[in-house]
Amino acid sequence: MNKQLLASAIALSVLAGCSSTPPVNEEVSAEIQANINLIKLNGTLARQKDGFVLAPILSANDSENKGMMDTTYWQFNGKTLFPTFKSERFKCRLSKDECVQYEEIDSPFLKVSATDSDYGDTYEKRVADGKKPGMSAGKVAMTGAAAVIVGPALVLVGAPLTLINGTANLISHGSVWNNKWVEFDHDSFYEQTVTAIQAKHGSLEQYVRYMASASVVYSELTQYNENLYAEWNSLRSEKSAILNQYLPTELTNLDLYSFEMPAYGDIQMAKVVIESQLQDYYANSTKSLLSEFDGKFANAKVLYVQQQQAAFALAKTASSMKRFIEKYERLDEAQLISKAKTQWSALVKKEQKVAFDNIKTIGDANTFIATYQYIDEAKLVAKARDLVAKAELRIQNEKMEKRKAVLAGLERWRKGLSVGDQTFCGRVIEAKYPMFQIAISHPLQGFSDTIWLEKDRVFEPWSGCNNRNNQLTPLTNPLG
């Protein structure tokens, strides 16, 4: 820390102890705080031979890189001016010479000490301890070098070298200290970052205004970029859908345009330039997409026609021709659907006539009807229905004739029935025509073992007896 900064820090400390604060314009402070709240971008501190400067490009994402081990570039949060990378202190063991590798790193901010120091506290640690590190509206609004003060490391100014030297002597004589602390000097980093900012922007206030504007512009450009990208992808999807009607074909994909925000300069002019770059990128990409589509479309169409022609040549049956029609009717590039429908009709007629001639049973006829009722190209379904109707009528008449013959025989048997004759459920023991008393062959427990039946309810022995609660019926009714 230079003498001017140290003096300013001491002055601030004294003022704070006396409960005195430099006057701050509240309106200006509110404006600055509003701008600080808008900052969404990160900056980078770059090392030069004679000091540090701001790198020319801002970033929206945290970049770890080598982090606190880096020796050339260090990314900082645009709002707090603290590192975006992991910068917590950690221990290295002296017994295994772990510390040597860190001591040899040529970094102005990496410290290897026997004790932990306040300057090693991260932004998060300081906030957790109730401190207010980094930029604030009040600090920015104040004039002079006081704006760069971070705070807690002041008590160590002038002491670390003596302390470290003493520690080295203790270690060489078998000290109980077995490790050292590897720390990132956040105070020095903050100071150098502010100095670099003031050198480029003139003041922290100007920096805050620029970063707020840059963050807003970045959001606008990002949205514009995403909109153009979405439009391009919509066109690609549309063209891909057209190609895929013919053959599965991939169109070249496109990456979202990557643009960089300048860390200083005229932000509005930069916006105009980047917008122009975006427009050129997507315009050229659209031109390339359409050119690629035209080439692939012509090729896909040729291959599609060849496939359609080959499929037509292979369709030899009504079912395969039907599948051909269903597949290519919507996109008939080979102009074969009309011919295919004519051939399909002819194939159906031929197959239908063969199937009709092979009808032998009612089942065959019903299968024929189910198969061809909606594609009756040979007009034979009605004839098949007539065959079914005639066959069913014939069967019905045959059943009626058979029933008449059986009934006539049964009536003759009943008229000749006399005492002692066997019936379907037992022997006749008394006859009073047309009533017969039957001695039940297998009487049920709790029921009478005889029963009177009218002649129309008496059947021949071969019919078998079904006795349910003394209700006698034939097991096989000859009349159906």
# chains A, B, ... in the order shown; residues from 1 in each chain; ligands from 1
>>> select_by_dssp(residues="range 204-391 of chain A", states="alpha helix (DSSP H)", output="short mmCIF file (atom, residue, chain, number, x, y, z; two decimals) with N, CA and C atoms, in the first residue's frame")
data_model
loop_
_atom_site.label_atom_id
_atom_site.label_comp_id
_atom_site.auth_asym_id
_atom_site.auth_seq_id
_atom_site.Cartn_x
_atom_site.Cartn_y
_atom_site.Cartn_z
N LEU A 204 -13.72 6.02 -9.85
CA LEU A 204 -14.61 4.89 -9.61
C LEU A 204 -16.03 5.22 -10.06
N GLU A 205 -16.42 6.46 -9.88
CA GLU A 205 -17.77 6.85 -10.27
C GLU A 205 -17.98 6.66 -11.77
N GLN A 206 -16.99 7.07 -12.56
CA GLN A 206 -17.09 6.89 -14.00
C GLN A 206 -17.09 5.39 -14.37
N TYR A 207 -16.30 4.64 -13.63
CA TYR A 207 -16.26 3.19 -13.84
C TYR A 207 -17.62 2.56 -13.57
N VAL A 208 -18.24 2.96 -12.45
CA VAL A 208 -19.55 2.40 -12.09
C VAL A 208 -20.58 2.72 -13.17
N ARG A 209 -20.56 3.97 -13.65
CA ARG A 209 -21.51 4.35 -14.71
C ARG A 209 -21.27 3.49 -15.97
N TYR A 210 -20.01 3.32 -16.31
CA TYR A 210 -19.69 2.55 -17.51
C TYR A 210 -20.13 1.09 -17.33
N MET A 211 -19.81 0.48 -16.20
CA MET A 211 -20.14 -0.93 -15.98
C MET A 211 -21.64 -1.15 -15.92
N ALA A 212 -22.37 -0.19 -15.36
CA ALA A 212 -23.84 -0.29 -15.32
C ALA A 212 -24.38 -0.27 -16.75
N SER A 213 -23.88 0.71 -17.55
CA SER A 213 -24.33 0.80 -18.94
C SER A 213 -23.94 -0.45 -19.72
N ALA A 214 -22.72 -0.93 -19.50
CA ALA A 214 -22.25 -2.12 -20.21
C ALA A 214 -23.09 -3.34 -19.84
N SER A 215 -23.49 -3.44 -18.58
CA SER A 215 -24.31 -4.57 -18.15
C SER A 215 -25.68 -4.53 -18.80
N VAL A 216 -26.26 -3.32 -18.88
CA VAL A 216 -27.57 -3.17 -19.53
C VAL A 216 -27.46 -3.51 -21.01
N VAL A 217 -26.43 -2.97 -21.65
CA VAL A 217 -26.21 -3.24 -23.07
C VAL A 217 -25.97 -4.74 -23.30
N TYR A 218 -25.21 -5.35 -22.42
CA TYR A 218 -24.95 -6.78 -22.54
C TYR A 218 -26.26 -7.58 -22.50
N SER A 219 -27.15 -7.22 -21.56
CA SER A 219 -28.44 -7.91 -21.46
C SER A 219 -29.25 -7.73 -22.74
N GLU A 220 -29.24 -6.50 -23.27
CA GLU A 220 -29.99 -6.23 -24.50
C GLU A 220 -29.41 -7.01 -25.68
N LEU A 221 -28.08 -7.01 -25.78
CA LEU A 221 -27.44 -7.73 -26.88
C LEU A 221 -27.63 -9.24 -26.75
N THR A 222 -27.61 -9.72 -25.51
CA THR A 222 -27.84 -11.16 -25.29
C THR A 222 -29.23 -11.56 -25.74
N GLN A 223 -30.22 -10.73 -25.40
CA GLN A 223 -31.59 -11.02 -25.82
C GLN A 223 -31.72 -10.97 -27.34
N TYR A 224 -31.09 -9.96 -27.95
CA TYR A 224 -31.11 -9.81 -29.40
C TYR A 224 -30.44 -11.02 -30.06
N ASN A 225 -29.33 -11.42 -29.49
CA ASN A 225 -28.59 -12.59 -29.99
C ASN A 225 -29.46 -13.85 -29.92
N GLU A 226 -30.12 -14.04 -28.80
CA GLU A 226 -30.96 -15.23 -28.61
C GLU A 226 -32.16 -15.22 -29.55
N ASN A 227 -32.71 -14.02 -29.79
CA ASN A 227 -33.84 -13.91 -30.72
C ASN A 227 -33.43 -14.28 -32.15
N LEU A 228 -32.28 -13.75 -32.58
CA LEU A 228 -31.79 -14.07 -33.92
C LEU A 228 -31.45 -15.56 -34.03
N TYR A 229 -30.89 -16.10 -32.98
CA TYR A 229 -30.55 -17.52 -32.94
C TYR A 229 -31.81 -18.38 -33.03
N ALA A 230 -32.86 -17.97 -32.31
CA ALA A 230 -34.13 -18.70 -32.34
C ALA A 230 -34.75 -18.65 -33.73
N GLU A 231 -34.67 -17.49 -34.37
CA GLU A 231 -35.20 -17.35 -35.73
C GLU A 231 -34.45 -18.27 -36.69
N TRP A 232 -33.13 -18.31 -36.56
CA TRP A 232 -32.33 -19.17 -37.43
C TRP A 232 -32.69 -20.64 -37.21
N ASN A 233 -32.82 -21.04 -35.96
CA ASN A 233 -33.17 -22.43 -35.65
C ASN A 233 -34.57 -22.78 -36.12
N SER A 234 -35.48 -21.81 -36.08
CA SER A 234 -36.82 -22.05 -36.59
C SER A 234 -36.78 -22.33 -38.08
N LEU A 235 -35.96 -21.54 -38.80
CA LEU A 235 -35.79 -21.78 -40.24
C LEU A 235 -35.16 -23.14 -40.48
N ARG A 236 -34.17 -23.49 -39.69
CA ARG A 236 -33.51 -24.79 -39.84
C ARG A 236 -34.50 -25.93 -39.61
N SER A 237 -35.35 -25.79 -38.58
CA SER A 237 -36.36 -26.82 -38.30
C SER A 237 -37.33 -26.96 -39.46
N GLU A 238 -37.72 -25.82 -40.02
CA GLU A 238 -38.65 -25.83 -41.16
C GLU A 238 -38.03 -26.56 -42.34
N LYS A 239 -36.78 -26.24 -42.66
CA LYS A 239 -36.11 -26.87 -43.79
C LYS A 239 -35.82 -28.36 -43.51
N SER A 240 -35.50 -28.67 -42.27
CA SER A 240 -35.25 -30.07 -41.91
C SER A 240 -36.52 -30.91 -42.08
N ALA A 241 -37.66 -30.31 -41.71
CA ALA A 241 -38.94 -31.02 -41.85
C ALA A 241 -39.22 -31.33 -43.32
N ILE A 242 -38.90 -30.38 -44.19
CA ILE A 242 -39.09 -30.60 -45.63
C ILE A 242 -38.19 -31.73 -46.12
N LEU A 243 -36.92 -31.68 -45.72
CA LEU A 243 -35.97 -32.72 -46.14
C LEU A 243 -36.39 -34.10 -45.63
N ASN A 244 -36.84 -34.16 -44.39
CA ASN A 244 -37.16 -35.44 -43.78
C ASN A 244 -38.40 -36.10 -44.38
N ILE A 267 -19.45 2.75 -24.93
CA ILE A 267 -20.25 1.53 -24.86
C ILE A 267 -21.35 1.53 -25.90
N GLN A 268 -21.92 2.70 -26.20
CA GLN A 268 -22.99 2.76 -27.20
C GLN A 268 -22.45 2.46 -28.60
N MET A 269 -21.26 2.96 -28.87
CA MET A 269 -20.64 2.66 -30.16
C MET A 269 -20.33 1.16 -30.24
N ALA A 270 -19.88 0.60 -29.12
CA ALA A 270 -19.60 -0.84 -29.08
C ALA A 270 -20.88 -1.63 -29.33
N LYS A 271 -21.99 -1.14 -28.79
CA LYS A 271 -23.28 -1.81 -28.99
C LYS A 271 -23.64 -1.84 -30.48
N VAL A 272 -23.44 -0.71 -31.15
CA VAL A 272 -23.75 -0.63 -32.58
C VAL A 272 -22.89 -1.62 -33.36
N VAL A 273 -21.62 -1.68 -33.02
CA VAL A 273 -20.69 -2.58 -33.71
C VAL A 273 -21.10 -4.04 -33.49
N ILE A 274 -21.40 -4.39 -32.24
CA ILE A 274 -21.75 -5.78 -31.94
C ILE A 274 -23.07 -6.17 -32.60
N GLU A 275 -24.04 -5.24 -32.59
CA GLU A 275 -25.31 -5.51 -33.28
C GLU A 275 -25.08 -5.80 -34.75
N SER A 276 -24.19 -5.03 -35.36
CA SER A 276 -23.86 -5.24 -36.77
C SER A 276 -23.20 -6.61 -36.96
N GLN A 277 -22.33 -6.98 -36.03
CA GLN A 277 -21.68 -8.29 -36.10
C GLN A 277 -22.72 -9.42 -35.98
N LEU A 278 -23.66 -9.23 -35.08
CA LEU A 278 -24.72 -10.23 -34.90
C LEU A 278 -25.53 -10.39 -36.19
N GLN A 279 -25.91 -9.26 -36.76
CA GLN A 279 -26.72 -9.30 -37.99
C GLN A 279 -25.97 -9.97 -39.12
N ASP A 280 -24.69 -9.64 -39.27
CA ASP A 280 -23.88 -10.25 -40.32
C ASP A 280 -23.73 -11.75 -40.10
N TYR A 281 -23.51 -12.14 -38.84
CA TYR A 281 -23.30 -13.55 -38.50
C TYR A 281 -24.53 -14.38 -38.88
N TYR A 282 -25.71 -13.92 -38.46
CA TYR A 282 -26.91 -14.71 -38.72
C TYR A 282 -27.37 -14.60 -40.17
N ALA A 283 -27.10 -13.45 -40.80
CA ALA A 283 -27.44 -13.31 -42.23
C ALA A 283 -26.58 -14.27 -43.05
N ASN A 284 -25.29 -14.30 -42.77
CA ASN A 284 -24.39 -15.21 -43.49
C ASN A 284 -24.73 -16.68 -43.17
N SER A 285 -25.10 -16.92 -41.92
CA SER A 285 -25.45 -18.29 -41.53
C SER A 285 -26.74 -18.72 -42.22
N THR A 286 -27.68 -17.80 -42.37
CA THR A 286 -28.93 -18.11 -43.08
C THR A 286 -28.65 -18.41 -44.55
N LYS A 287 -27.79 -17.61 -45.13
CA LYS A 287 -27.41 -17.83 -46.53
C LYS A 287 -26.77 -19.21 -46.70
N SER A 288 -25.88 -19.57 -45.80
CA SER A 288 -25.22 -20.88 -45.86
C SER A 288 -26.23 -22.01 -45.66
N LEU A 289 -27.17 -21.79 -44.73
CA LEU A 289 -28.19 -22.80 -44.46
C LEU A 289 -29.04 -23.06 -45.70
N LEU A 290 -29.49 -21.99 -46.34
CA LEU A 290 -30.34 -22.14 -47.51
C LEU A 290 -29.58 -22.80 -48.67
N SER A 291 -28.32 -22.45 -48.81
CA SER A 291 -27.50 -23.07 -49.85
C SER A 291 -27.34 -24.56 -49.58
N GLU A 292 -27.07 -24.90 -48.32
CA GLU A 292 -26.93 -26.30 -47.95
C GLU A 292 -28.25 -27.04 -48.18
N PHE A 293 -29.35 -26.39 -47.81
CA PHE A 293 -30.66 -27.01 -47.98
C PHE A 293 -30.94 -27.29 -49.46
N ASP A 294 -30.67 -26.32 -50.33
CA ASP A 294 -30.95 -26.49 -51.75
C ASP A 294 -30.20 -27.70 -52.31
N GLY A 295 -28.93 -27.83 -51.93
CA GLY A 295 -28.13 -28.95 -52.41
C GLY A 295 -28.64 -30.28 -51.90
N LYS A 296 -28.93 -30.36 -50.60
CA LYS A 296 -29.38 -31.61 -50.00
C LYS A 296 -30.80 -31.95 -50.45
N PHE A 297 -31.61 -30.92 -50.69
CA PHE A 297 -32.99 -31.16 -51.12
C PHE A 297 -33.00 -31.80 -52.51
N ALA A 298 -32.19 -31.27 -53.42
CA ALA A 298 -32.12 -31.83 -54.77
C ALA A 298 -31.67 -33.29 -54.72
N ASN A 299 -30.67 -33.57 -53.92
CA ASN A 299 -30.16 -34.93 -53.80
C ASN A 299 -31.19 -35.85 -53.14
N ALA A 300 -31.85 -35.35 -52.10
CA ALA A 300 -32.85 -36.16 -51.39
C ALA A 300 -34.02 -36.50 -52.31
N LYS A 301 -34.40 -35.54 -53.15
CA LYS A 301 -35.52 -35.76 -54.06
C LYS A 301 -35.19 -36.86 -55.08
N VAL A 302 -33.98 -36.82 -55.61
CA VAL A 302 -33.55 -37.85 -56.57
C VAL A 302 -33.57 -39.23 -55.91
N LEU A 303 -33.01 -39.35 -54.73
CA LEU A 303 -32.97 -40.62 -54.02
C LEU A 303 -34.37 -41.10 -53.66
N TYR A 304 -35.23 -40.17 -53.30
CA TYR A 304 -36.61 -40.51 -52.93
C TYR A 304 -37.34 -41.12 -54.13
N VAL A 305 -37.20 -40.49 -55.30
CA VAL A 305 -37.85 -41.00 -56.52
C VAL A 305 -37.33 -42.40 -56.83
N GLN A 306 -36.03 -42.61 -56.69
CA GLN A 306 -35.45 -43.93 -56.94
C GLN A 306 -36.02 -44.97 -55.99
N GLN A 307 -36.16 -44.61 -54.73
CA GLN A 307 -36.72 -45.53 -53.73
C GLN A 307 -38.18 -45.84 -54.04
N GLN A 308 -38.94 -44.80 -54.44
CA GLN A 308 -40.35 -45.00 -54.75
C GLN A 308 -40.52 -45.93 -55.95
N GLN A 309 -39.71 -45.73 -56.96
CA GLN A 309 -39.78 -46.58 -58.15
C GLN A 309 -39.42 -48.03 -57.81
N ALA A 310 -38.40 -48.22 -56.98
CA ALA A 310 -37.99 -49.57 -56.58
C ALA A 310 -39.10 -50.24 -55.76
N ALA A 311 -39.73 -49.50 -54.87
CA ALA A 311 -40.80 -50.05 -54.04
C ALA A 311 -42.00 -50.45 -54.90
N PHE A 312 -42.30 -49.67 -55.93
CA PHE A 312 -43.42 -49.98 -56.82
C PHE A 312 -43.14 -51.28 -57.58
N ALA A 313 -41.93 -51.43 -58.04
CA ALA A 313 -41.56 -52.62 -58.79
C ALA A 313 -41.66 -53.89 -57.94
N LEU A 314 -41.44 -53.77 -56.65
CA LEU A 314 -41.47 -54.93 -55.75
C LEU A 314 -42.86 -55.26 -55.25
N ALA A 318 -51.74 -57.52 -53.56
CA ALA A 318 -52.65 -56.42 -53.21
C ALA A 318 -52.23 -55.75 -51.91
N SER A 319 -51.81 -56.53 -50.93
CA SER A 319 -51.42 -55.96 -49.63
C SER A 319 -50.15 -55.13 -49.75
N SER A 320 -49.15 -55.61 -50.51
CA SER A 320 -47.91 -54.85 -50.67
C SER A 320 -48.15 -53.59 -51.49
N MET A 321 -49.04 -53.66 -52.49
CA MET A 321 -49.37 -52.47 -53.26
C MET A 321 -50.12 -51.46 -52.40
N LYS A 322 -50.95 -51.95 -51.50
CA LYS A 322 -51.68 -51.06 -50.59
C LYS A 322 -50.70 -50.33 -49.68
N ARG A 323 -49.70 -51.04 -49.19
CA ARG A 323 -48.69 -50.40 -48.34
C ARG A 323 -47.92 -49.35 -49.13
N PHE A 324 -47.62 -49.64 -50.38
CA PHE A 324 -46.93 -48.67 -51.24
C PHE A 324 -47.77 -47.39 -51.36
N ILE A 325 -49.05 -47.55 -51.63
CA ILE A 325 -49.94 -46.39 -51.80
C ILE A 325 -50.00 -45.57 -50.52
N GLU A 326 -50.13 -46.25 -49.38
CA GLU A 326 -50.23 -45.54 -48.09
C GLU A 326 -48.94 -44.77 -47.80
N LYS A 327 -47.79 -45.32 -48.18
CA LYS A 327 -46.51 -44.68 -47.87
C LYS A 327 -46.23 -43.49 -48.78
N TYR A 328 -46.59 -43.60 -50.06
CA TYR A 328 -46.17 -42.59 -51.04
C TYR A 328 -47.30 -41.69 -51.55
N ILE A 337 -48.79 -43.15 -58.05
CA ILE A 337 -49.92 -43.53 -57.21
C ILE A 337 -51.14 -43.91 -58.05
N SER A 338 -51.44 -43.15 -59.09
CA SER A 338 -52.59 -43.48 -59.93
C SER A 338 -52.42 -44.87 -60.54
N LYS A 339 -51.26 -45.16 -61.06
CA LYS A 339 -50.97 -46.47 -61.64
C LYS A 339 -51.04 -47.56 -60.57
N ALA A 340 -50.52 -47.22 -59.35
CA ALA A 340 -50.53 -48.18 -58.25
C ALA A 340 -51.96 -48.53 -57.85
N LYS A 341 -52.86 -47.55 -57.83
CA LYS A 341 -54.25 -47.81 -57.45
C LYS A 341 -54.93 -48.70 -58.49
N THR A 342 -54.64 -48.50 -59.78
CA THR A 342 -55.20 -49.35 -60.82
C THR A 342 -54.71 -50.78 -60.67
N GLN A 343 -53.42 -50.93 -60.42
CA GLN A 343 -52.87 -52.27 -60.25
C GLN A 343 -53.38 -52.92 -58.98
N TRP A 344 -53.53 -52.12 -57.96
CA TRP A 344 -54.05 -52.67 -56.70
C TRP A 344 -55.45 -53.22 -56.90
N SER A 345 -56.30 -52.48 -57.62
CA SER A 345 -57.67 -52.93 -57.89
C SER A 345 -57.66 -54.25 -58.66
N ALA A 346 -56.79 -54.34 -59.64
CA ALA A 346 -56.70 -55.57 -60.43
C ALA A 346 -56.23 -56.74 -59.58
N LEU A 347 -55.26 -56.48 -58.72
CA LEU A 347 -54.74 -57.54 -57.84
C LEU A 347 -55.80 -58.00 -56.84
N VAL A 348 -56.58 -57.04 -56.32
CA VAL A 348 -57.64 -57.40 -55.38
C VAL A 348 -58.69 -58.26 -56.08
N LYS A 349 -59.09 -57.86 -57.30
CA LYS A 349 -60.08 -58.63 -58.04
C LYS A 349 -59.61 -60.07 -58.25
N LYS A 350 -58.35 -60.20 -58.65
CA LYS A 350 -57.80 -61.53 -58.91
C LYS A 350 -57.79 -62.37 -57.64
N GLU A 351 -57.30 -61.78 -56.55
CA GLU A 351 -57.22 -62.51 -55.27
C GLU A 351 -58.62 -62.80 -54.74
N GLN A 352 -59.55 -61.87 -54.98
CA GLN A 352 -60.91 -62.02 -54.48
C GLN A 352 -61.63 -63.17 -55.20
N LYS A 353 -61.45 -63.28 -56.50
CA LYS A 353 -62.08 -64.36 -57.27
C LYS A 353 -61.54 -65.72 -56.84
N VAL A 354 -60.24 -65.79 -56.62
CA VAL A 354 -59.65 -67.06 -56.16
C VAL A 354 -60.22 -67.43 -54.78
N ALA A 355 -60.33 -66.46 -53.90
CA ALA A 355 -60.86 -66.71 -52.55
C ALA A 355 -62.32 -67.13 -52.62
N PHE A 356 -63.09 -66.53 -53.53
CA PHE A 356 -64.51 -66.87 -53.65
C PHE A 356 -64.68 -68.31 -54.14
N ASP A 357 -63.86 -68.67 -55.12
CA ASP A 357 -63.95 -70.03 -55.67
C ASP A 357 -63.56 -71.08 -54.64
N ILE A 362 -69.69 -72.31 -44.56
CA ILE A 362 -70.22 -71.01 -44.12
C ILE A 362 -69.10 -70.19 -43.50
N GLY A 363 -68.20 -70.86 -42.76
CA GLY A 363 -67.06 -70.16 -42.16
C GLY A 363 -66.18 -69.52 -43.22
N ASP A 364 -65.93 -70.26 -44.31
CA ASP A 364 -65.14 -69.70 -45.42
C ASP A 364 -65.82 -68.47 -45.99
N ALA A 365 -67.13 -68.56 -46.17
CA ALA A 365 -67.89 -67.44 -46.75
C ALA A 365 -67.85 -66.22 -45.83
N ASN A 366 -68.00 -66.43 -44.52
CA ASN A 366 -67.97 -65.30 -43.58
C ASN A 366 -66.58 -64.66 -43.52
N THR A 367 -65.52 -65.47 -43.62
CA THR A 367 -64.16 -64.92 -43.66
C THR A 367 -63.97 -64.09 -44.93
N PHE A 368 -64.49 -64.57 -46.05
CA PHE A 368 -64.41 -63.84 -47.31
C PHE A 368 -65.12 -62.49 -47.19
N ILE A 369 -66.30 -62.51 -46.59
CA ILE A 369 -67.08 -61.27 -46.44
C ILE A 369 -66.33 -60.26 -45.56
N ALA A 370 -65.77 -60.73 -44.43
CA ALA A 370 -65.04 -59.84 -43.52
C ALA A 370 -63.80 -59.25 -44.20
N THR A 371 -63.16 -60.03 -45.06
CA THR A 371 -61.93 -59.58 -45.72
C THR A 371 -62.21 -58.56 -46.81
N TYR A 372 -63.29 -58.77 -47.57
CA TYR A 372 -63.49 -57.97 -48.78
C TYR A 372 -64.70 -57.03 -48.73
N VAL A 381 -69.03 -59.83 -52.77
CA VAL A 381 -69.45 -59.93 -51.37
C VAL A 381 -70.94 -60.28 -51.28
N ALA A 382 -71.75 -59.67 -52.14
CA ALA A 382 -73.19 -59.95 -52.12
C ALA A 382 -73.45 -61.43 -52.42
N LYS A 383 -72.71 -61.97 -53.39
CA LYS A 383 -72.86 -63.38 -53.72
C LYS A 383 -72.46 -64.27 -52.54
N ALA A 384 -71.41 -63.87 -51.84
CA ALA A 384 -70.98 -64.64 -50.66
C ALA A 384 -72.06 -64.61 -49.59
N ARG A 385 -72.71 -63.47 -49.43
CA ARG A 385 -73.80 -63.38 -48.46
C ARG A 385 -74.98 -64.28 -48.88
N ASP A 386 -75.25 -64.33 -50.17
CA ASP A 386 -76.31 -65.22 -50.67
C ASP A 386 -75.97 -66.68 -50.37
N LEU A 387 -74.72 -67.04 -50.58
CA LEU A 387 -74.29 -68.40 -50.26
C LEU A 387 -74.53 -68.74 -48.80
N VAL A 388 -74.20 -67.79 -47.92
CA VAL A 388 -74.39 -68.01 -46.48
C VAL A 388 -75.87 -68.16 -46.16
N ALA A 389 -76.69 -67.29 -46.74
CA ALA A 389 -78.14 -67.33 -46.47
C ALA A 389 -78.74 -68.66 -46.94
N LYS A 390 -78.38 -69.09 -48.15
CA LYS A 390 -78.90 -70.35 -48.68
C LYS A 390 -78.44 -71.54 -47.85
N ALA A 391 -77.18 -71.52 -47.45
CA ALA A 391 -76.64 -72.62 -46.64
C ALA A 391 -77.33 -72.68 -45.29
#
>>> residues_around(residues="range 88-90 of chain A", least_positions_apart="2", cutoff="8 Å", atoms="only C-alpha atoms", output="number ranges by chain")
A: 86, 92, 116, 120-122, 181-184
>>> write_last_selection(atoms="N, CA and C atoms", output="mmCIF file, in the first residue's frame")
data_model
loop_
_atom_site.group_PDB
_atom_site.id
_atom_site.type_symbol
_atom_site.label_atom_id
_atom_site.label_comp_id
_atom_site.auth_asym_id
_atom_site.auth_seq_id
_atom_site.Cartn_x
_atom_site.Cartn_y
_atom_site.Cartn_z
ATOM 1 N N LYS A 86 -11.752 -18.895 -6.768
ATOM 2 C CA LYS A 86 -11.579 -19.395 -5.409
ATOM 3 C C LYS A 86 -10.281 -18.840 -4.826
ATOM 4 N N CYS A 92 -0.105 -25.336 3.918
ATOM 5 C CA CYS A 92 0.836 -26.250 3.267
ATOM 6 C C CYS A 92 1.776 -26.791 4.355
ATOM 7 N N ASP A 116 -1.932 -16.694 9.604
ATOM 8 C CA ASP A 116 -2.946 -16.165 8.694
ATOM 9 C C ASP A 116 -3.123 -14.675 8.966
ATOM 10 N N GLY A 120 -6.026 -12.069 3.901
ATOM 11 C CA GLY A 120 -6.398 -13.340 3.277
ATOM 12 C C GLY A 120 -7.874 -13.645 3.365
ATOM 13 N N ASP A 121 -8.637 -12.819 4.098
ATOM 14 C CA ASP A 121 -10.082 -13.034 4.202
ATOM 15 C C ASP A 121 -10.748 -12.746 2.861
ATOM 16 N N THR A 122 -11.603 -13.666 2.417
ATOM 17 C CA THR A 122 -12.334 -13.478 1.159
ATOM 18 C C THR A 122 -13.478 -12.498 1.366
ATOM 19 N N TRP A 181 0.644 -20.720 5.972
ATOM 20 C CA TRP A 181 -0.617 -20.352 5.312
ATOM 21 C C TRP A 181 -0.319 -19.804 3.911
ATOM 22 N N VAL A 182 -1.036 -20.335 2.939
ATOM 23 C CA VAL A 182 -0.981 -19.793 1.581
ATOM 24 C C VAL A 182 -2.206 -18.900 1.426
ATOM 25 N N GLU A 183 -1.943 -17.602 1.205
ATOM 26 C CA GLU A 183 -3.047 -16.645 1.172
ATOM 27 C C GLU A 183 -2.988 -15.763 -0.067
ATOM 28 N N PHE A 184 -4.156 -15.318 -0.475
ATOM 29 C CA PHE A 184 -4.257 -14.348 -1.557
ATOM 30 C C PHE A 184 -4.453 -12.975 -0.917
#
>>> closest_residue(among="A:Thr72, A:Asp185, A:Gly202, A:Ala34", to="Ala137 in chain A", atoms="only C-alpha atoms")
A:Ala34
>>> residues_around(residues="Leu479 in chain A", least_positions_apart="6", cutoff="10 Å", atoms="only C-alpha atoms", output="tab-separated table (two decimals) with N, CA and C atoms, in the first residue's frame")
chain	number	residue	atom	x	y	z
A	399	LYS	N	-82.66	-79.57	-40.30
A	399	LYS	CA	-82.94	-79.76	-38.87
A	399	LYS	C	-84.42	-79.99	-38.62
A	400	MET	N	-85.25	-79.22	-39.33
A	400	MET	CA	-86.71	-79.37	-39.15
A	400	MET	C	-87.17	-80.75	-39.61
A	402	LYS	N	-85.40	-83.46	-39.81
A	402	LYS	CA	-84.87	-84.45	-38.86
A	402	LYS	C	-85.72	-84.47	-37.59
A	403	ARG	N	-86.13	-83.30	-37.13
A	403	ARG	CA	-86.94	-83.21	-35.91
A	403	ARG	C	-88.30	-83.87	-36.13
A	404	LYS	N	-88.86	-83.66	-37.33
A	404	LYS	CA	-90.16	-84.27	-37.63
A	404	LYS	C	-90.05	-85.79	-37.60
A	405	ALA	N	-88.95	-86.30	-38.18
A	405	ALA	CA	-88.77	-87.75	-38.22
A	405	ALA	C	-88.59	-88.31	-36.81
A	406	VAL	N	-87.79	-87.62	-36.00
A	406	VAL	CA	-87.56	-88.06	-34.62
A	406	VAL	C	-88.85	-88.00	-33.83
A	407	LEU	N	-89.64	-86.93	-34.01
A	407	LEU	CA	-90.90	-86.77	-33.27
A	407	LEU	C	-91.89	-87.86	-33.67
A	410	LEU	N	-90.83	-90.99	-31.97
A	410	LEU	CA	-91.09	-90.89	-30.53
A	410	LEU	C	-92.58	-91.08	-30.25
>>> residues_around(residues="Ala60 in chain A", least_positions_apart="5", cutoff="12 Å", atoms="only C-alpha atoms", output="JSON, numbers by chain")
{"A": [39, 40, 41, 42, 43, 44, 75, 76, 77, 78, 79, 84, 211, 214, 215, 216, 218, 219, 222, 258, 259, 260, 261, 262, 263]}
>>> select_by_dssp(residues="range 320-479 of chain A", states="strand (DSSP E)", output="number ranges by chain")
A: 426-432, 435-440, 450-454, 465-468, 471-474
>>> residues_around(residues="range 435-451 of chain A", least_positions_apart="6", cutoff="9 Å", atoms="only C-alpha atoms", output="MDAnalysis selection string")
chainID A and resid 417:419 422:423 425:429 458 467:470
>>> write_last_selection(atoms="C-alpha atoms", output="CSV table (one decimal), in the first residue's frame")
chain,number,residue,atom,x,y,z
A,417,LEU,CA,-95.8,-97.9,-24.2
A,418,SER,CA,-97.2,-100.3,-21.7
A,419,VAL,CA,-96.7,-101.5,-18.1
A,422,GLN,CA,-88.4,-99.1,-19.6
A,423,THR,CA,-88.3,-95.3,-20.0
A,425,CYS,CA,-86.0,-92.5,-15.8
A,426,GLY,CA,-87.5,-95.9,-14.8
A,427,ARG,CA,-90.0,-98.7,-15.6
A,428,VAL,CA,-93.8,-98.1,-16.3
A,429,ILE,CA,-95.7,-99.6,-13.4
A,458,VAL,CA,-91.9,-89.5,-21.3
A,467,ASN,CA,-83.7,-85.8,-11.7
A,468,ARG,CA,-83.7,-82.4,-10.0
A,469,ASN,CA,-86.1,-82.3,-6.9
A,470,ASN,CA,-88.2,-84.9,-8.6
